[in-house]
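Heads up, the thing below is written out as structure tokens.
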Number of protein chains: 2
Amino acid sequence: MTTLKDVAKMANVAVTTVSRFLNNDPNLVISEATKKRILEAVKTLKYVPNASARALKSGRTSTFGLVIPDFNNPVYSQIITGIESVLNEEGYYLLVVSMGENKAKKSYLRLATEGRVDGLFVAATFLDDDEIEMLDILNFPYVLINRLSSEAKNYVVADDTKAAKKAMNYLIESGHRNIAHLAGHLSTDTGRRRLEGYKNALTENNIPILDDLIIETKFSEQSGYDAMKDLLNRYDGAMTAVFAASVRVAFGAMAAIRDHGLKIPDDISVLGFHDISLSNITYPPLTTIKISLEEMGARAARMLLNILAEEEQIENKVMIKNSQLMIRDSVKDLK
Amino acid sequence: MTTLKDVAKMANVAVTTVSRFLNNDPNLVISEATKKRILEAVKTLKYVPNASARALKSGRTSTFGLVIPDFNNPVYSQIITGIESVLNEEGYYLLVVSMGENKAKKSYLRLATEGRVDGLFVAATFLDDDEIEMLDILNFPYVLINRLSSEAKNYVVADDTKAAKKAMNYLIESGHRNIAHLAGHLSTDTGRRRLEGYKNALTENNIPILDDLIIETKFSEQSGYDAMKDLLNRYDGAMTAVFAASVRVAFGAMAAIRDHGLKIPDDISVLGFHDISLSNITYPPLTTIKISLEEMGARAARMLLNILAEEEQIENKVMIKNSQLMIRDSVKDLK
DNA sequence: TTCTCTTAGTAAATCGTTTTACTGTAACGT
DNA sequence: ACGTTACAGTAAAACGATTTACTAAGAGAA
């Protein structure tokens with residue numbers, strides 16, 4: 001491994017000079033000849049500065065951490081893609097940690113306290129508010145993604161309520177009244193906000209809210225399948241549509257409906273929250289309400305970079321209002 | 001930020017003593033009273049060792065890098081999950097970099113040369129063999145995952161040829177003769193090996209190989225869709241089944257077949273390579289040949305950890321032979 | 001001749017740990 | 001009384017980079 005010292009020796013200058021030259025110190029006065037010698041030494045010795053040494057001295061690692069619940073959820077894959085696209089350009093790296101429902105929850109704080117990362121993206125749904133508050137107490141730079149917490153200073157979230165309402169309104173305009181909601185985990189704020197949108201839409205359209213039609217699920221296909229099965233077996237009203245709080249739940253529900261011998265959308269319509277590339281290759285192609293998750297990731301990345309650049313902590317609260325209804329074939333027009 | 005020095009001061013001992021005690025130096029002789037004082041200082045000051053300083057001194061970062069082509073491919077999500085499960089237990093972290101077809105390809109080497117990571121997992125399909133060989137030249141610890149390269153010393157791959165053959169044999173046993181192959185990128189070795197399995201199965205069963213039935217695709221739904229459409233429009237033989245070299249391609253092909261007005265599996269059967277959680281919620285549920293990608297990731301992680309533990313480079317070549325046919329409803333028995 | 005500027009650098013401290021090689025003191029055996 | 005051993009630590013040099021504060025030599029001005 002080549003160090004600054006080696007380069008300095010070969011170029012016949014002091015380490016200081018090499019470092020200052022390579023870092024473009026504006027106060028350094030240096031002759032062309034010396035520059036050339038240093039550059040040559042760097043090239044022949046293939047010198048690359050050591051990241052740990054740099055980090056130790058500067059207190060910056062050029063690395064951010066990302067905490068997500070699960071890699072196997074395409075929602076997070078899109079968020080990561082967005083984050084990465086920004087970080088790439090800025091020479092930052094991304095350290096990922098997944099933290100499911102049952103994992104040791106405080107371990108992610110080590111990332112901060114050990115100084116492994118300069119900041120943290122928290123997209124984990126299973127962290128409690130007070131676990132997140134620790135970051136404030138430590139005064140550690142962070143941005144919440146796709147989740148809120150009571151005291152959060154910085155976040156990028158979607159306007160889940162509005163998007164859910166928009167989706168519901170589409171269903172209602174298509175003539176549906178008896179709409180079930182496969183809600184996400186109601187311990188998560190996204191789950192709660194989507195439920196709120198569901199209820200708002202019904203209320204504003206003078207449709208009664210039936211508790212029997214609301215079922216809490218996890219964010220997995222299996223959970224969506226089970227909940228839908230349960231609903232079909234239990235509820236014998238004239239349910240004509242289902243609004244699922246996540247793609248994976250929607251996929252699971254579709255399978256359950258088919259296994260129950262019903263046809264989508266003829267017997268029952270399905271609409272899913274969030275859009276992924278597989279949404280349009282299910283059968284029938286799934287109608288969804290799409291929020292740009294890549295944009296969400298990208299904005300969070302820019303925000304964290306910004307927080308790091310300013311000395312004083314700025315408040316940064318972004319709510320992505322935009323959503324698109326991706327109309328495909330899983331919702332039947334009853335009129 | 002609390003340092004060793006602060007702890008030492010508070011406990012009234014030398015920095016050395018604190019460090020050696022906290023690291024369980026077996027040669028350190030220390031009294032119970034001193035231990036207690038140090039422990040107390042650590043607790044009240046909330047001391048956590050600084051990762052950069054440690055890395056600088058020890059030359060170890062406790063971090064591995066992972067290079068994949070794309071986060072939005074569920075195959076890699078499963079591999080990451082497998083890697084992470086092992087690294088978690090060992091206190092290692094994972095730094096991820098995605099590198100698509102068109103990205104600057106050598107940047108991943110910086111991870112190695114800057115000393116940011118102790119080793120590298122390379123699952124990138126778009127790196128050429130000689131770009132990987134650089135790691136050998138640098139004598140940098142690495143493990144290839146789900147890809148081979150001519151000179152690779154360490155890898156974990158699946159026996160793609162065998163698995164593909166097994167899948168094909170199932171199709172053939174079910175009475176299919178005219179089987180198309182949506183091959184993956186033939187510039188990738190997995191693509192080539194799966195094609196080989198396809199051909200082997202046909203040859204061994206005395207079925208002619210028809211070049212018209214083999215179409216190269218990318219590893220995306222869209223590409224699978226396009227290729228299948230093309231095939232359906234072009235080929236007017238009695239094709240009864242399609243063997244897709246990847247899940248995503250299989251999904252795309254299913255959509256194309258339906259859009260063409262044909263029924264799966266009645267008009268045409270589909271079998272996909274690799275199994276993901278969405279495979280059983282497509283319509284009809286997709287029959288696949290499954291290789292444990294989590295196992296692949298986990299074994300690669302253990303391998304890299306091993307390589308780091310031994311001083312001399314050991315050869316490590318693992319080929320996962322096991323595969324399971326996940327029989328669902330997308331293949332029709334013609335007999 | 002002395003002073004000031006400019007040019008072209010350099011020495012040394014520092015970031016927080018780890019590690020090697022010591023240093024005292026006291027007790028013990030002979 | 002002397003050497004040895006056990007006990008309980010400590011001083012100082014790394015690791016590789018950055019940065020502050022200097023220096024040394026020569027040119028030009030007064």
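All residue names refer to the structure tokens as shown: chains lettered A, B, ... in order, residues numbered from 1 in each chain, ligands numbered from 1 in order.
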Contact table chain B vs chain A, cut-off 9 Å, shortest pair per residue, only C-alpha atoms, as CSV:
```
residue,atom,partner,partner_atom,distance
B:Met1,CA,A:Thr113,CA,8.3
B:Tyr47,CA,A:Thr113,CA,8.8
B:Val48,CA,A:Glu114,CA,6.0
B:Pro49,CA,A:Glu114,CA,6.0
B:Asn50,CA,A:Glu114,CA,4.9
B:Ala51,CA,A:Glu114,CA,5.3
B:Ser52,CA,A:Ser52,CA,5.0
B:Ala53,CA,A:Leu56,CA,5.7
B:Arg54,CA,A:Ser52,CA,8.5
B:Ala55,CA,A:Ser52,CA,6.0
B:Leu56,CA,A:Ser52,CA,5.3
B:Lys57,CA,A:Ala53,CA,9.0
B:Gly59,CA,A:Ser52,CA,8.6
B:Thr61,CA,A:Ser52,CA,8.1
B:Thr63,CA,A:Leu95,CA,8.9
B:Gly65,CA,A:Leu95,CA,8.9
B:Asp70,CA,A:Thr81,CA,8.1
B:Phe71,CA,A:Ser77,CA,5.3
B:Asn72,CA,A:Ser77,CA,5.4
B:Asn73,CA,A:Ser77,CA,8.3
B:Pro74,CA,A:Asn72,CA,6.7
B:Tyr76,CA,A:Phe71,CA,9.0
B:Ser77,CA,A:Phe71,CA,5.3
B:Gln78,CA,A:Asn72,CA,6.5
B:Ile80,CA,A:Phe71,CA,7.3
B:Thr81,CA,A:Phe71,CA,6.5
B:Glu84,CA,A:Val97,CA,8.0
B:Asn88,CA,A:Val97,CA,8.9
B:Tyr93,CA,A:Leu95,CA,7.2
B:Leu94,CA,A:Leu95,CA,5.7
B:Leu95,CA,A:Leu95,CA,4.3
B:Val96,CA,A:Leu94,CA,6.1
B:Val97,CA,A:Leu94,CA,7.5
B:Ser98,CA,A:Glu84,CA,8.1
B:Arg110,CA,A:Val48,CA,8.2
B:Thr113,CA,A:Val48,CA,6.5
B:Glu114,CA,A:Asn50,CA,4.9
B:Gly115,CA,A:Asn50,CA,5.9
B:Arg116,CA,A:Ala51,CA,5.9
B:Glu221,CA,A:Leu278,CA,7.7
B:Arg248,CA,A:Leu278,CA,8.5
B:Phe251,CA,A:Ile281,CA,6.4
B:Gly252,CA,A:Ile281,CA,6.4
B:Ala253,CA,A:Ile281,CA,9.0
B:Met254,CA,A:Ile281,CA,7.5
B:Ala255,CA,A:Ile281,CA,5.3
B:Ala256,CA,A:Ile281,CA,8.7
B:Arg258,CA,A:Tyr283,CA,8.7
B:Ser277,CA,A:Glu221,CA,7.7
B:Leu278,CA,A:Glu221,CA,7.7
B:Asn280,CA,A:Ala255,CA,8.2
B:Ile281,CA,A:Ala255,CA,5.3
B:Thr282,CA,A:Thr282,CA,5.7
B:Tyr283,CA,A:Tyr283,CA,5.5
B:Pro284,CA,A:Tyr283,CA,8.2
B:Pro285,CA,A:Ala255,CA,8.7
```
* To do: Write out as a PyMOL selection string each polymer residue whose atoms come within 12 Å of Leu304 (chain B), counting only C-alpha atoms (C1' of nucleotides); drop sequence neighbours fewer than 5 positions from it.
  => chain B and resi 62-66+83+86-87+90+92+117-122+140-145+153-156+297-299+309-310+313-317
* For DA30 (chain D): contacts at 12 Å, only C-alpha atoms (C1' of nucleotides), fewer than 2 positions along chain excluded, given as JSON, numbers by chain -> {"C": [1, 2, 3, 4], "D": [28]}
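Shortest separation to chain A among C:DC22, C:DA13, C:DC28, C:DA8 occurs at residue C:DA8, atoms counted being only C-alpha atoms (C1' of nucleotides).
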* Asked: Closest to chain A among D:DT18, D:DA29, D:DT23, D:DC2, using only C-alpha atoms (C1' of nucleotides)?
  -> D:DT18
* 8 Å contacts from chain A to chain C using only C-alpha atoms (C1' of nucleotides), as a ChimeraX atom specification -> /A:14,16-17,29-31,56-58
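If you look at CA of Ile289 (chain A) and CA of Ala244 (chain B), they are 29.9 Å away from each other.
Distance-wise, CA of Asp6 (chain A) and CA of Val42 (chain A) end up 9.1 Å apart.
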* To do: Write out as a PyMOL selection string all residues of region 196-266 of chain A that DSSP puts in helix (DSSP H, G or I) for this structure's backbone.
  => chain A and resi 196-204+211-213+221-234+247-259
* To do: Select all residues from chain D having any atom no more than 7 Å from an atom of chain B (counting only C-alpha atoms (C1' of nucleotides), ignoring ligands), output as a PyMOL selection string.
  => chain D and resi 7-8+10+15
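Between CA of Tyr198 (chain B) and CA of Met168 (chain B) the interatomic distance comes to 6.2 Å.
Within region 86-227 of chain A, residues classed as strand (DSSP E or B) by DSSP on backbone coordinates are Tyr93, Leu94, Leu95, Val96, Val97, Ser98, Gly119, Leu120, Phe121, Val122, Tyr142, Val143, Leu144, Ile145, Asn154, Tyr155, Val156, Val157, Ala158, Ile179, Ala180, His181, Leu182, Ala183, Ile214, Ile215 and Glu216 of chain A.
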* Structure fact -> Residue with the minimum atom-to-atom distance to Lys199 (chain A), picked from A:Asn139, A:Thr161, A:Thr44, A:Ser174 with only C-alpha atoms counted, is A:Thr161
* May I have the residues within 12 Å of Lys162 (chain A) as an NGL selection string, using only C-alpha atoms (C1' of nucleotides) and disregarding those fewer than 2 positions away in the same chain? => :A and (157-160 or 164-169 or 190 or 193-201 or 273 or 289-291 or 319-324)
